[in-house]
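Below: one structure, written as structure tokens.
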Number of protein chains: 2
Amino acid sequence: MAARVQDRAARSAPEASPKALTVLADPTRRAVFERLRSGPRSVSEIARGMPVSRPAVSQHLKALKQAGLVRDEPRGTARIYRIHAPALLELRTWLDSFWDDALGRYRDYLEDDQ
Amino acid sequence: MAARVQDRAARSAPEASPKALTVLADPTRRAVFERLRSGPRSVSEIARGMPVSRPAVSQHLKALKQAGLVRDEPRGTARIYRIHAPALLELRTWLDSFWDDALGRYRDYLEDDQ
DNA sequence: CAAATTCGTAAGTTATCGCTTACGGTAAGC
DNA sequence: GCTTACCGTAAGCGATAACTTACGAATTTG
């Protein structure tokens with residue numbers, strides 16, 4: 001079991017944490033992002049029924065785009081936004097590597113407590 | 001393939017997004033959290049070599065604790081902090097459900113482009 | 001018991017962030 | 001061609017958040 005701890009330590013990679021974490025912190029921006037979960041939407045469609053103005057939604061979409069979380073595409077005068085999966089994978093990878101270390105140490109912690 | 005899309009839509013759960021997301025947004029606080037990745041540490045040990053003061057680290061630890069991401073334990077005059085894995089699982093679950101929808105739609109998007 | 005170490009919190013300051021209103025630019029409809 | 005719809009950005013404002021310094025509480029050490 002000492003070997004297990006050593007393995008985890010070796011796996012602790014000096015990995016950069018994704019920008020997605022910073023961007024997804026704001027609740028309103030998260031709501032915008034989650035509206036794209038069921039499929040591509042235009043800006044007006046996203047803003048419809050939200051407690052903030054349409055320009056505010058545009059600003060959130062800009063931030064999401066810069067973080068690589070969404071892609072946009074013109075469609076007449078409208079602009080269609082969709083979730084860009086690869087950025088989500090990056091976040092997932094970061095969390096997974098973290099999860100490996102944390103869970104293992106958590107098991108050790110519980111065993112020691114026993 | 002229409003059935004696949006339908007399955008994904010049915011799996012779209014009205015799930016609350018974890019507080020961990022808000023707390024892990026700040027880069028400095030993320031650095032504090034990542035210092036606990038290799039094992040439990042005292043506050044002074046965490047603050048050593050960081051660009052912010054020790055009280056700042058204490059404040060970050062307080063936020064992490066309120067989000068359930070860390071647990072603390074007195075040890076003489078010191079206080080030992082460690083990562084609390086279950087909160088990490090909650091974040092992982094949120095991301096996973098998101099991932100299912102996004103990845104499927106991303107595949108559809110690429111196929112349509114083909 | 002006194003000195004030293006470790007830590008949390010309060011108070012105050014500064015910078016950043018999210019929002020609104022206002023405006024201009026572009027494409028579709030009549 | 002003129003109007004309408006849709007969108008991005010600039011400017012300005014208010015609120016929040018992160019940081020520093022200062023202080024006091026709790027524990028160990030000599």
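Here, A, B, ... name the chains of the structure tokens in the order displayed, residue numbers run from 1 inside each chain, and ligands are numbered from 1 in the same displayed order.
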- prompt: Excluding same-chain residues fewer than 6 positions from DC19 of chain D, what lies within 12 Å of it counting only C-alpha atoms (C1' of nucleotides), as a PyMOL selection string?
  reply: (chain B and resi 28+51-60) or (chain C and resi 12-15)
task: Please determine the contact residues of chain C with respect to chain B at a cut-off of 12 Å, counting only C-alpha atoms (C1' of nucleotides), and supply them as a list in words.
output: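 Result, ordered by chain then number: DA4, DT5, DT6, DC7, DG8, DT9 and DA10 of chain C.
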Those same residues - C-alpha atoms (C1' of nucleotides) - I'd like them written as a PDB file, in the first residue's frame.
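Written file, result.pdb:
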```pdb
ATOM      1  C1'  DA C   4       7.287  32.336  21.026  1.00  0.00           C
ATOM      2  C1'  DT C   5       4.655  30.074  17.355  1.00  0.00           C
ATOM      3  C1'  DT C   6       0.541  29.368  14.731  1.00  0.00           C
ATOM      4  C1'  DC C   7      -3.666  30.793  13.293  1.00  0.00           C
ATOM      5  C1'  DG C   8      -8.373  33.298  12.531  1.00  0.00           C
ATOM      6  C1'  DT C   9     -10.792  37.556  12.031  1.00  0.00           C
ATOM      7  C1'  DA C  10     -11.792  42.642  11.660  1.00  0.00           C
TER       8       DA C  10
END
```
field: At most 10 Å to chain A: residues in chain D, only C-alpha atoms (C1' of nucleotides), as a list in words
entry: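 The contacting residues on chain D are DA5, DC6, DC7, DG8 and DT9 of chain D.
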Atoms kept (N, CA and C atoms (P, O5', C5', C4', C3', O3' and C1' of nucleotides)) for selection, written as an mmCIF file, in the first residue's frame:
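Contents of the output file part-v9.cif:
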```
data_model
loop_
_atom_site.group_PDB
_atom_site.id
_atom_site.type_symbol
_atom_site.label_atom_id
_atom_site.label_comp_id
_atom_site.auth_asym_id
_atom_site.auth_seq_id
_atom_site.Cartn_x
_atom_site.Cartn_y
_atom_site.Cartn_z
ATOM 1 P P DA D 5 -39.571 44.518 -35.978
ATOM 2 O "O5'" DA D 5 -38.337 43.511 -36.032
ATOM 3 C "C5'" DA D 5 -38.361 42.429 -36.951
ATOM 4 C "C4'" DA D 5 -37.035 41.677 -36.925
ATOM 5 C "C3'" DA D 5 -36.540 41.337 -35.511
ATOM 6 O "O3'" DA D 5 -36.069 40.001 -35.500
ATOM 7 C "C1'" DA D 5 -34.872 42.546 -36.668
ATOM 8 P P DC D 6 -35.680 39.303 -34.114
ATOM 9 O "O5'" DC D 6 -34.081 39.340 -34.152
ATOM 10 C "C5'" DC D 6 -33.382 38.714 -35.213
ATOM 11 C "C4'" DC D 6 -31.896 39.015 -35.084
ATOM 12 C "C3'" DC D 6 -31.356 38.836 -33.666
ATOM 13 O "O3'" DC D 6 -30.322 37.862 -33.665
ATOM 14 C "C1'" DC D 6 -30.628 40.885 -34.621
ATOM 15 P P DC D 7 -29.702 37.355 -32.313
ATOM 16 O "O5'" DC D 7 -28.388 38.252 -32.228
ATOM 17 C "C5'" DC D 7 -27.444 38.170 -33.277
ATOM 18 C "C4'" DC D 7 -26.451 39.302 -33.182
ATOM 19 C "C3'" DC D 7 -25.682 39.386 -31.870
ATOM 20 O "O3'" DC D 7 -24.396 38.808 -32.053
ATOM 21 C "C1'" DC D 7 -26.322 41.550 -32.747
ATOM 22 P P DG D 8 -23.418 38.657 -30.809
ATOM 23 O "O5'" DG D 8 -22.481 39.949 -30.871
ATOM 24 C "C5'" DG D 8 -21.730 40.182 -32.055
ATOM 25 C "C4'" DG D 8 -20.966 41.492 -31.942
ATOM 26 C "C3'" DG D 8 -20.109 41.611 -30.684
ATOM 27 O "O3'" DG D 8 -18.817 42.091 -31.027
ATOM 28 C "C1'" DG D 8 -21.659 43.430 -30.808
ATOM 29 P P DT D 9 -17.701 42.245 -29.918
ATOM 30 O "O5'" DT D 9 -17.757 43.800 -29.537
ATOM 31 C "C5'" DT D 9 -17.778 44.762 -30.586
ATOM 32 C "C4'" DT D 9 -17.898 46.160 -30.023
ATOM 33 C "C3'" DT D 9 -17.087 46.435 -28.751
ATOM 34 O "O3'" DT D 9 -16.443 47.687 -28.879
ATOM 35 C "C1'" DT D 9 -19.328 47.026 -28.409
#
```
- prompt: Quick one: distance from atom CA of Arg30 of chain A to atom CA of Leu64 of chain A in Å, one decimal?
  reply: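 One can read the atom CA of Arg30 of chain A to atom CA of Leu64 of chain A distance as 9.4 Å.
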- request: Go through B:Gly68, B:Pro74, B:Gly39, B:Gly49 one by one, measure the shortest atom-to-atom distance of each to chain A using only C-alpha atoms, and give the residue with the smallest value.
  value: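 Of B:Gly68, B:Pro74, B:Gly39, B:Gly49, the one nearest chain A is B:Gly39, counting only C-alpha atoms.
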Could you give me, as a tab-separated table, a per-residue list for chain A showing, wherever an atom lies at most 6 Å from an atom of chain B, the closest pair of atoms and their distance in Å to one decimal, using only C-alpha atoms and sorting by chain then residue number from low to high?
```
residue	atom	partner	partner_atom	distance
A:Leu21	CA	B:Ala25	CA	5.4
A:Thr22	CA	B:Ala25	CA	4.2
A:Ala25	CA	B:Thr22	CA	4.4
A:Ala85	CA	B:Leu103	CA	5.6
A:Ala102	CA	B:Ala85	CA	5.7
A:Leu103	CA	B:Ala85	CA	5.6
```
Mind dumping the selected residues with N, CA and C atoms as a PDB file, in the first residue's frame?
```
ATOM      1  N   LEU A  21     -12.747  27.014 -15.791  1.00  0.00           N
ATOM      2  CA  LEU A  21     -13.132  27.124 -14.380  1.00  0.00           C
ATOM      3  C   LEU A  21     -13.455  28.557 -14.001  1.00  0.00           C
ATOM      4  N   THR A  22     -12.618  29.478 -14.441  1.00  0.00           N
ATOM      5  CA  THR A  22     -12.845  30.883 -14.126  1.00  0.00           C
ATOM      6  C   THR A  22     -14.124  31.394 -14.770  1.00  0.00           C
ATOM      7  N   ALA A  25     -17.658  30.297 -13.302  1.00  0.00           N
ATOM      8  CA  ALA A  25     -17.929  30.648 -11.902  1.00  0.00           C
ATOM      9  C   ALA A  25     -19.215  31.451 -11.753  1.00  0.00           C
ATOM     10  N   ALA A  85     -17.330  20.992 -27.392  1.00  0.00           N
ATOM     11  CA  ALA A  85     -17.035  19.895 -26.477  1.00  0.00           C
ATOM     12  C   ALA A  85     -15.569  19.786 -26.036  1.00  0.00           C
ATOM     13  N   ALA A 102      -6.916  12.688  -4.956  1.00  0.00           N
ATOM     14  CA  ALA A 102      -7.733  13.002  -3.787  1.00  0.00           C
ATOM     15  C   ALA A 102      -8.460  11.774  -3.253  1.00  0.00           C
ATOM     16  N   LEU A 103      -8.996  10.988  -4.160  1.00  0.00           N
ATOM     17  CA  LEU A 103      -9.752   9.818  -3.711  1.00  0.00           C
ATOM     18  C   LEU A 103      -8.841   8.823  -3.006  1.00  0.00           C
TER      19      LEU A 103
END
```
